[in-house]
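Reading through the structure tokens given below for one structure.
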Amino acid sequence: MPRTEHIRQPVSGPLELDEIEKFQKLGWRVIAVEWEREAAGAEPGAIRGRIENPPFGLRVAQDCSALEEDRNETEILLTMMELLIEDGPYSFIAEELNRRGYRTREGSKWGPVAVFEMLPRLIDAGPGIFSTEEWGRRRQESRMRQQR
């Protein structure tokens with residue numbers, strides 16, 4: 001199946017037909033048009049629709065077209081998973097994350113509740129984590145530490 005490219009082009013003025021034709025000649029096709037206007041009676045800054053953060057461990061890509069790995073958050077997920085498998089209590093996991101200098105997305109220290117609230121994300125991310133070379137290396141090191 002051929003790879004599909006997408007670009008998002010902000011429009012600051014009227015949409016010109018010759019601009020559309022130029023892109024079509026280059027093989028592009030229009031797949032969406034988004035319209036906006038000032039809403040009568042709406043409060044400035046009012047939230048429209050649902051706003052949701054990307055899952056922990058991911059961030060919005062530079063081109064805003066997809067999610068990509070956030071290396072720092074992925075490292076936190078790996079560390080949490082490793083400590084959970086070692087049967088550490090949530091308070092110990094939080095202390096260890098803080099000791100290593102890791103912070104929550106909001107920049108605060110980890111606590112047992114924050115660790116507990118990450119469990120659904122760890123369950124979701126688990127299959128991807130377990131299939132990485134990094135996870136295999138960590139598990140090997142952990143086994144070696146346990147044998148000592």
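By convention here, the chains of the structure tokens are called A, B, ... in the order presented, each chain's residues are numbered starting at 1, and ligands are numbered starting at 1 in the order presented.
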
Exercise for review: Can you pull out every residue within 10 Å of Ser65 (chain A), counting only C-alpha atoms, but drop anything in the same chain fewer than 4 positions away, and send it as a ChimeraX atom specification?
Suggested key: /A:5-8,60-61

I'd like the contact shell of Glu134 (chain A) - 12 Å cut-off, only C-alpha atoms, skipping same-chain residues fewer than 4 positions apart - returned as a CSV table (one decimal) with C-alpha atoms, in the first residue's frame.
chain,number,residue,atom,x,y,z
A,74,THR,CA,8.9,7.0,27.9
A,75,GLU,CA,11.8,6.6,30.2
A,77,LEU,CA,7.1,4.7,31.9
A,78,LEU,CA,9.9,2.1,31.5
A,79,THR,CA,11.1,2.9,35.1
A,82,GLU,CA,10.4,-2.0,36.0
A,128,GLY,CA,4.9,-1.7,23.1
A,129,ILE,CA,7.2,-1.5,26.1
A,130,PHE,CA,7.8,-5.2,26.4
A,138,ARG,CA,16.6,-3.6,31.6
A,139,ARG,CA,15.1,-7.0,32.4
A,140,GLN,CA,18.5,-8.7,31.9
A,141,GLU,CA,20.2,-6.2,34.2

For the structure I just gave you, how does DSSP split chain A - specifically, which residues are strand (DSSP E or B)? Reply as a PDB file with N, CA and C atoms, in the first residue's frame.
ATOM      1  N   LEU A  58       3.786  10.114  24.890  1.00  0.00           N
ATOM      2  CA  LEU A  58       3.652  10.595  23.517  1.00  0.00           C
ATOM      3  C   LEU A  58       3.446  12.106  23.520  1.00  0.00           C
ATOM      4  N   ARG A  59       3.745  12.728  22.387  1.00  0.00           N
ATOM      5  CA  ARG A  59       3.502  14.164  22.210  1.00  0.00           C
ATOM      6  C   ARG A  59       3.060  14.394  20.780  1.00  0.00           C
ATOM      7  N   VAL A  60       2.501  15.550  20.520  1.00  0.00           N
ATOM      8  CA  VAL A  60       2.086  15.901  19.168  1.00  0.00           C
ATOM      9  C   VAL A  60       3.335  16.205  18.355  1.00  0.00           C
ATOM     10  N   LEU A  67       1.108  11.570  16.520  1.00  0.00           N
ATOM     11  CA  LEU A  67       1.761  11.534  17.824  1.00  0.00           C
ATOM     12  C   LEU A  67       3.112  10.866  17.655  1.00  0.00           C
ATOM     13  N   GLU A  68       4.093  11.333  18.424  1.00  0.00           N
ATOM     14  CA  GLU A  68       5.415  10.739  18.396  1.00  0.00           C
ATOM     15  C   GLU A  68       5.881  10.499  19.825  1.00  0.00           C
ATOM     16  N   GLU A  69       6.890   9.674  19.971  1.00  0.00           N
ATOM     17  CA  GLU A  69       7.399   9.325  21.294  1.00  0.00           C
ATOM     18  C   GLU A  69       8.007  10.538  21.978  1.00  0.00           C
TER      19      GLU A  69
END

Point to revise | Interatomic distance, CA of Ser142 (chain A) to CA of Asp124 (chain A) (Å, one decimal) | key: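 Here the two named atoms are 22.7 Å from each other.
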
Exercise for review: Write out as JSON, numbers by chain all residues of region 19-143 of chain A that DSSP puts in helix (DSSP H, G or I) for this structure's backbone.
Suggested key: {"A": [19, 20, 21, 22, 23, 24, 25, 71, 72, 73, 74, 75, 76, 77, 78, 79, 80, 81, 82, 83, 84, 85, 90, 91, 92, 93, 94, 95, 96, 97, 98, 99, 112, 113, 114, 115, 116, 117, 119, 120, 121, 122, 123, 124, 125, 126, 127, 128, 129, 130, 133, 134, 135, 136, 137, 138, 139, 140, 141, 142, 143]}

Practice item. Measure the distance from CA of Val115 (chain A) to CA of Gln62 (chain A) in Å and round it to one decimal. Key: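 CA of Val115 (chain A) sits 28.4 Å away from CA of Gln62 (chain A).
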
Practice item. For Leu84 (chain A), list every protein, DNA or RNA residue within 12 Å, evaluated using only C-alpha atoms, and leave out those in the same chain fewer than 6 positions away; present the list as a ChimeraX atom specification. Key: /A:77-78,90-94,96-97,115-116,118-119,122-123,126

Check your understanding: Do you know which residues are at most 12 Å from region 10-13 of chain A counting only C-alpha atoms, after dropping those on the same chain fewer than 2 positions away, and could you put them as a list in words?
Key -> Ile7, Arg8, Leu15, Glu16, Glu19, Ile20, Val33, Glu34, Trp35, Glu36, Asp63 and Cys64 of chain A
